[in-house]
Structures are given as structure tokens and as C-alpha cells.
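S.K.: Quick one: this structure, given as C-alpha cells, is what I'll be asking you about.
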Protein chains: 2
Amino acid sequence: MAGVSVATVSKYVNGTQRFSPPVEAKLKDAIESLGYRSNPLARSMITGRTRTIGIAILDITNPHFTKVVKGANRVALQHDYTLLLVDAEENLSRERSLIEALAPRVDGLIVSSRASEEIAKWTLKLDKPVVMLRTVRGLDIPTVGFDNRLATYMLVRHLLNLGHRKIAYLGFDAATINDERIAGAREALAEAGLTLDVHETHAPTAQAGEEACSRVLLGPNRPQAVICYNDLIALGFMKEAKSLGFRLPQDVSVAGIDNVPYGEYVEPRLTTIDGQGERMGELAMQKLIDVLAGRPDVEQVVLEPRLVVRDSTVACR
Amino acid sequence: MAGVSVATVSKYVNGTQRFSPPVEAKLKDAIESLGYRSNPLARSMITGRTRTIGIAILDITNPHFTKVVKGANRVALQHDYTLLLVDAEENLSRERSLIEALAPRVDGLIVSSRASEEIAKWTLKLDKPVVMLRTVRGLDIPTVGFDNRLATYMLVRHLLNLGHRKIAYLGFDAATINDERIAGAREALAEAGLTLDVHETHAPTAQAGEEACSRVLLGPNRPQAVICYNDLIALGFMKEAKSLGFRLPQDVSVAGIDNVPYGEYVEPRLTTIDGQGERMGELAMQKLIDVLAGRPDVEQVVLEPRLVVRDSTVACR
DNA sequence: TTGAAAGCGCTAACAG
DNA sequence: CTGTTAGCGCTTTCAA
């Protein structure tokens, strides 16, 4: 319609080359009146680039992951990338096939998995750049992790400073980072000659926290303070504790990890460790984009915890 | 490698045709040892199908939208579709270009927008099936909406039954559904010969609810009960009200809409209207898949509100 | 039961 | 400055 070859159209549309004013004018008119839009699929097939990043997470319903997605999306948008979201719904067996199906349709992957080490290995065969949202040792891939050990270490120190001696941990044992969190808490307690009382839940959710509460508080050896695997568990735990007649925080101090927005709105306001979800997402996406732009990066970033003291932890009476 | 033509491979991989046992065996071996995976891009180019659904929402951080995505993802997974997520970050000007960029890479779209009517019109030109997450009048497109008018009507009736007479509404005026919610509340109040005191926030967030609180409670004509545009605003409102020295729910009843999970964990537990986010996502995705499977559908589903009475609304003293 | 060949819509060399 | 041409990796008639 513009009386030029397809090659000219291609170059014009992509801004690869400039043309004489009359030609450009005709091109512009034709494109406009035809409502022409280049087919990104055909484009991708030849360039090998999709301008899409896959992000695989365990549960979008968890505000921590929501924040990660938010952060990743923000920098993706800035660089004109789109997010292909895979929510494995906490279903680990499905995870691998989902990611494998995802890989060929994207330029790179951000993966937050429970089985990171294992996944990290086979993702390398996918032949796509991957950023893991979890520190992985011994592999040359970029990661954005979090110092889980330090997080609980700090939490315990905080509680020790408040005079607590009997400290329990309510974990989620299906998570690999659970061990790191236990280790950090144990380390801090050991320095004070104390031990950690460990309990587990079956899911990283408020519901699970509720269900575990009575087991922790009404069992033998009632703790003065409880550190939860994450804020959601803490939220559920606190709710149930109140139902059971405990006064919070006087009867038992509670702390979580992640700093989800809702910790501020419950009573007592939840003391927590900021997990920097958005920052994780942003950094991970930035790394991926760097790699895709030919700036190789195998750096293993470890985000540092920050204690957010609110009202759910008080001096032991 | 299997000594057959590409056509044979194609048919075998897609299960379009069966072959003689020896050939199939060779095919199987070759595919396995090569680790061959068909290129979905090339496939999509010829079939015109991407097995991807685009979902455009305003803010993944809002638990209501999170639920929608969750629901949509669940049925997408069941039907072997993937989600391409677009989070407009409440930025309406960006929304259109984002959706236009999204359209050619997906088989269909689920759109939750502030400017639904307008969007609905130009999405038709995208030449892709669209499901709007909002009732749109006068257009033959499938929608999954929510009876916003009835929602606030029910909430007001509930409050009237509790003896409240001075009822305020704390809205979010940038949302088109805000008007419907106001109308429903007004209708119920008018039947009792009462009027609605309307206030507005600048965002559908807890933060905005906090900021608006003093304006509502410390201004002239202090309400006995406040209905908020959504649960997040209600959460923020309640927190600030307590900071201001009000006892909840005795001094003021508060209700929200959406039934986000966290309404259960605050004190008093938030009375709300269930917005059925997951169900919306599921239905929308199901409709889209139906359309894509050649079962046309222009039905306009309207989900019915359900009142969830908890502790934040009590009899007016 | 299998294969040859024609494209899908585009980009990237290379020519002119 | 503009066009020709050769594919990208696949599916799909159609013929053998």
C-alpha cells in the first residue's frame, strides 16, 4: 500500500533505518490507515527474543510473593518487558514441567522455588538465563537471596534483650530455608546457653498458624516468645492465641518474617523482619535484563534483614 | 536422526497421526536422546494459537486482584494455558498501550480496568476474545461482574437493622464502580428516609484509609457507622480510628467490601461483603477458554454479594 | 503409512 | 536510500 518492499516496512517499523521524507510519510499513512501492527511472534522467531520474562513462584496469594512480582513487574515495564506468570500453587511436582513449558517462550526466568538447588541444576539445561530468588551455593548463576540465618538470629537477640528465655520457633518444614532460620535462632540462643523449642506447620499460611497455635501454647513447656516462619503464620497464631484466652503481647511475644503489609493492622502490631520482597523482585529482574543485554552477571546478592519492632514483642514479665 | 521427514515428526509430536511401530520407536528414541522440544513460537505462528491468556489488572498488591489472578490461573493450568500478567500499577494512561502490546501475544484477554466501558470498545478492535471483569452495558462481550449496588444496599440494611442512622461512605472516586456502591447505599437509606454522608479517598489502599479517617470521624456530623469502598481502606480506617482514641466497634461500626483474608485477623474482625475474587477469575478464564474452543459466549454473569458479618459492626448504642 | 512442498510474517544480509 | 532474497521452525494440504 505504501508502494515499498516489506524490508522497508520492517526497517521503518523497527526504527532500524531512516528513509526519505516522502517514503516515511507514505509508510506512516499506510500503517495508520491499515492499523498495521507487526506480529511479535514472527518477530520473535527470527530475532530469538520475546521481550518476555517468566516468573515462577509458589503462591501469588502470599503477600511476600505478591511484592516480589510487583517489584519485578516494575522494572520489567521500564525496560519494555512483559511478565509471564507461573504460580505452581505450592505443588512441587508440577513445578518442573511448568517451568520447562515456560522456558521456550521467554527470554529469561526468575524462579522462586522450594527445591532451589535441584532446580538450579536443570534450569541450566534450559539454555535460558535464570535468576534464582534464593542463595544457591556452588553454581555460577545469579541469585538474589536473603540472609535467613541472620534474620532469626536478630529476632532471637531482640527477644533475649527483652528478657525472654523460653523461645519457640514455629516453622514450615517443607521450605528449605526453614533450616537456615532454625540454625540462626539456635545460634543466638546457644550463645546465651539456651535451646530452641521447634514446632512445625504444614503450610506457610495464616490458617496453618491458627491450627498450630494450641499445640505450641498449651503443650508442655509453654514459651515466653514465639518466632514464626513468616508473618502469615504469625497472624494466624496471634488470632488463635487470643481466642485461647492469652493476652498478647503480655502472655506471649510473637514475631514473624517478611513484613507483609497486614502486620501493621492487627493488634498487637506484628514485630517482624523486613524481607524486602519488592527489592528482591526488582533486583532479580534487573539482573536478568543485564544478562540479556550482554552484561554477564553471576553475582550472588544477599539482602540483609532489617528488624521492624512493633507491639507484638515486649519485655518478658 | 530418526530417518523420517519433518512432517512425520510434527505429526508424531502433536499426536495428529499414528505411525508404524518401528517408526514411532525411532521417533521416540531420537526425541529423547536429542532432548527435542518443539518451538512453541514457530508453532504459534502457524496455528495462530499461543495457549496464553493475558490478564490485565490494576494492582497485584491488592488481595482482591490477587485472588482473581489465583482463580484465573487455576483454570488456565487445568486447560494447559499460561498467564501473561499485566499490572498497570493503577496507571490508567499506561493501561491502553500495555493491553495493546499484550493482545497480539495471547489468545484472549481478561481485563479488569477502571475505564471498562471505554476499554471494552477498543478491545473489540484487538480482534481477540476479551472477558471484562466488570458489567458493561450495551456491548456484546462476555463479562463477569459483581452486583456492587446490591452489596452496599445489603450493608446499609445490615447497619439499619443494628439501629444505625448516621451512616457514612468512604469511597474511592476514581473507580467507576464507586458510583454504583454509593447508589446502592443511598437507595437503602432513602427507603428509611435517611441520607448518606459521602467521603472520598485518593487510593484503594489501607494507607489511604488511614489518611481519610480523621476527616470522617472528627469532622462535623460524626457517623455511627462507616462503609468503606473496600477492605483495605477499612483496615486503614480502623487502625487510625483506634489511634484517635475511638473504641471499635462501640464508638463506630465499620464495614468493607471484598472479603480479603486479612479482615479476619484484625480486631475487631472486619464485617464485609464477599467479593468472590477467585470465583471471578475462574469464571472469566472458563468463559475465555469456552470462546477459544468455539463455544461462543456473550453472557454477562453478575456475581451476587454475600454478607460476612464479623465483629466490626454492632448494634448502635 | 510417509514425504514433499508451500507457506505463516517477519528480519538480516547483501545488492543495486 | 530502497529492494531482493533467504530463511526462522513449524504445520498442513496433497501426492505418492
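Letters A, B, ... mark the chains of the C-alpha cells in the order given; residue numbers begin at 1 per chain; ligand numbers begin at 1, in order shown.
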Taking all C-alpha atoms matched one to one in order, superimpose chain A on chain B and note the resulting RMSD in Å.
M.R.: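 Result: 0.1 Å C-alpha RMSD.
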S.K.: Please run DSSP on the backbone and report, as a ChimeraX atom specification, all residues within range 44-91 of chain A that come out as strand (DSSP E or B).
M.R.: /A:52-57,82-87
S.K.: When you look at DA12 in chain C with a cut-off of 10 Å (counting only C-alpha atoms (C1' of nucleotides)), what residues show up, excluding the ones that are within fewer than 3 positions of it in the same chain? I need them as a list in words.
M.R.: Ala7, Ile46 and Thr47 of chain A; DA6 and DG7 of chain D
S.K.: Only residues of chain A matter here; which ones have an atom within 10 Å of chain D, counting only C-alpha atoms (C1' of nucleotides)? Give them as a ChimeraX atom specification.
M.R.: /A:4-8,17-20,23,42-48
S.K.: Keeping only N, CA, C and O atoms, write the selected residues as a PDB file, in the first residue's frame.
M.R.:
```
ATOM      1  N   VAL A   4       6.178   0.230  -1.158  1.00  0.00           N
ATOM      2  CA  VAL A   4       7.562  -0.136  -0.819  1.00  0.00           C
ATOM      3  C   VAL A   4       7.644  -1.625  -0.513  1.00  0.00           C
ATOM      4  O   VAL A   4       6.619  -2.288  -0.397  1.00  0.00           O
ATOM      5  N   SER A   5       8.848  -2.102  -0.341  1.00  0.00           N
ATOM      6  CA  SER A   5       9.007  -3.535  -0.061  1.00  0.00           C
ATOM      7  C   SER A   5       8.791  -3.824   1.420  1.00  0.00           C
ATOM      8  O   SER A   5       8.828  -2.929   2.262  1.00  0.00           O
ATOM      9  N   VAL A   6       8.593  -5.085   1.711  1.00  0.00           N
ATOM     10  CA  VAL A   6       8.398  -5.477   3.109  1.00  0.00           C
ATOM     11  C   VAL A   6       9.626  -5.127   3.943  1.00  0.00           C
ATOM     12  O   VAL A   6       9.517  -4.775   5.111  1.00  0.00           O
ATOM     13  N   ALA A   7      10.785  -5.240   3.342  1.00  0.00           N
ATOM     14  CA  ALA A   7      12.011  -4.944   4.080  1.00  0.00           C
ATOM     15  C   ALA A   7      11.987  -3.499   4.558  1.00  0.00           C
ATOM     16  O   ALA A   7      12.358  -3.195   5.696  1.00  0.00           O
ATOM     17  N   THR A   8      11.542  -2.629   3.703  1.00  0.00           N
ATOM     18  CA  THR A   8      11.477  -1.214   4.072  1.00  0.00           C
ATOM     19  C   THR A   8      10.519  -1.015   5.236  1.00  0.00           C
ATOM     20  O   THR A   8      10.814  -0.298   6.192  1.00  0.00           O
ATOM     21  N   GLN A  17      16.309   1.897  10.434  1.00  0.00           N
ATOM     22  CA  GLN A  17      16.874   2.725   9.375  1.00  0.00           C
ATOM     23  C   GLN A  17      15.905   3.870   9.073  1.00  0.00           C
ATOM     24  O   GLN A  17      14.691   3.713   9.226  1.00  0.00           O
ATOM     25  N   ARG A  18      16.438   4.985   8.643  1.00  0.00           N
ATOM     26  CA  ARG A  18      15.574   6.113   8.286  1.00  0.00           C
ATOM     27  C   ARG A  18      15.419   6.156   6.768  1.00  0.00           C
ATOM     28  O   ARG A  18      16.267   5.645   6.026  1.00  0.00           O
ATOM     29  N   PHE A  19      14.330   6.763   6.331  1.00  0.00           N
ATOM     30  CA  PHE A  19      14.090   6.839   4.884  1.00  0.00           C
ATOM     31  C   PHE A  19      13.786   8.272   4.468  1.00  0.00           C
ATOM     32  O   PHE A  19      13.649   9.147   5.321  1.00  0.00           O
ATOM     33  N   SER A  20      13.708   8.470   3.188  1.00  0.00           N
ATOM     34  CA  SER A  20      13.430   9.824   2.696  1.00  0.00           C
ATOM     35  C   SER A  20      12.044  10.260   3.155  1.00  0.00           C
ATOM     36  O   SER A  20      11.135   9.441   3.248  1.00  0.00           O
ATOM     37  N   VAL A  23       8.865   8.855   1.489  1.00  0.00           N
ATOM     38  CA  VAL A  23       8.636   7.432   1.791  1.00  0.00           C
ATOM     39  C   VAL A  23       8.125   7.262   3.218  1.00  0.00           C
ATOM     40  O   VAL A  23       7.152   6.542   3.463  1.00  0.00           O
ATOM     41  N   ALA A  42       6.211 -13.649  14.884  1.00  0.00           N
ATOM     42  CA  ALA A  42       7.094 -13.805  13.739  1.00  0.00           C
ATOM     43  C   ALA A  42       8.412 -13.092  14.016  1.00  0.00           C
ATOM     44  O   ALA A  42       9.495 -13.577  13.700  1.00  0.00           O
ATOM     45  N   ARG A  43       8.263 -11.960  14.643  1.00  0.00           N
ATOM     46  CA  ARG A  43       9.456 -11.188  15.001  1.00  0.00           C
ATOM     47  C   ARG A  43      10.356 -12.002  15.945  1.00  0.00           C
ATOM     48  O   ARG A  43      11.571 -12.109  15.745  1.00  0.00           O
ATOM     49  N   SER A  44       9.714 -12.556  16.972  1.00  0.00           N
ATOM     50  CA  SER A  44      10.489 -13.320  17.948  1.00  0.00           C
ATOM     51  C   SER A  44      11.170 -14.513  17.305  1.00  0.00           C
ATOM     52  O   SER A  44      12.268 -14.902  17.688  1.00  0.00           O
ATOM     53  N   MET A  45      10.494 -15.087  16.338  1.00  0.00           N
ATOM     54  CA  MET A  45      11.031 -16.302  15.762  1.00  0.00           C
ATOM     55  C   MET A  45      12.371 -16.031  15.094  1.00  0.00           C
ATOM     56  O   MET A  45      13.286 -16.846  15.147  1.00  0.00           O
ATOM     57  N   ILE A  46      12.438 -14.877  14.481  1.00  0.00           N
ATOM     58  CA  ILE A  46      13.674 -14.570  13.783  1.00  0.00           C
ATOM     59  C   ILE A  46      14.735 -13.959  14.689  1.00  0.00           C
ATOM     60  O   ILE A  46      15.908 -14.292  14.608  1.00  0.00           O
ATOM     61  N   THR A  47      14.288 -13.110  15.616  1.00  0.00           N
ATOM     62  CA  THR A  47      15.268 -12.470  16.489  1.00  0.00           C
ATOM     63  C   THR A  47      15.681 -13.369  17.647  1.00  0.00           C
ATOM     64  O   THR A  47      16.721 -13.164  18.256  1.00  0.00           O
ATOM     65  N   GLY A  48      14.813 -14.309  17.961  1.00  0.00           N
ATOM     66  CA  GLY A  48      15.102 -15.154  19.115  1.00  0.00           C
ATOM     67  C   GLY A  48      14.797 -14.474  20.435  1.00  0.00           C
ATOM     68  O   GLY A  48      15.103 -14.995  21.498  1.00  0.00           O
TER      69      GLY A  48
END
```
S.K.: Using only C-alpha atoms (C1' of nucleotides), which residues sit within 10 Å of range 148-158 of chain A once same-chain residues fewer than 6 positions away are excluded, as a PyMOL selection string?
M.R.: chain A and resi 134-135+164-165+167-169+177-189+191-192+196+225-229+255-258+271-275+302-309+313-315
S.K.: What does the structure give for the distance between CA of Ser113 in chain B and CA of Ser38 in chain A, in Å to one decimal?
M.R.: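 Between CA of Ser113 in chain B and CA of Ser38 in chain A the gap works out to 25.5 Å.
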S.K.: Provide as a PDB file with C-alpha atoms (C1' of nucleotides), in the first residue's frame the residues of chain C at most 9 Å from chain A, counting only C-alpha atoms (C1' of nucleotides).
M.R.:
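Writing done, so here's iface_16.pdb:
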```
ATOM      1  C1'  DC C   8       2.979 -18.344   8.447  1.00  0.00           C
ATOM      2  C1'  DG C   9       5.030 -12.869   8.955  1.00  0.00           C
ATOM      3  C1'  DC C  10       8.978 -11.309   9.762  1.00  0.00           C
ATOM      4  C1'  DT C  11      14.344  -9.841   9.738  1.00  0.00           C
TER       5       DT C  11
END
```
S.K.: Taking into account only C-alpha atoms, which residue in the set A:Ala212, A:Val254, A:Ala206, A:Val111 is nearest to chain B?
M.R.: A:Ala206
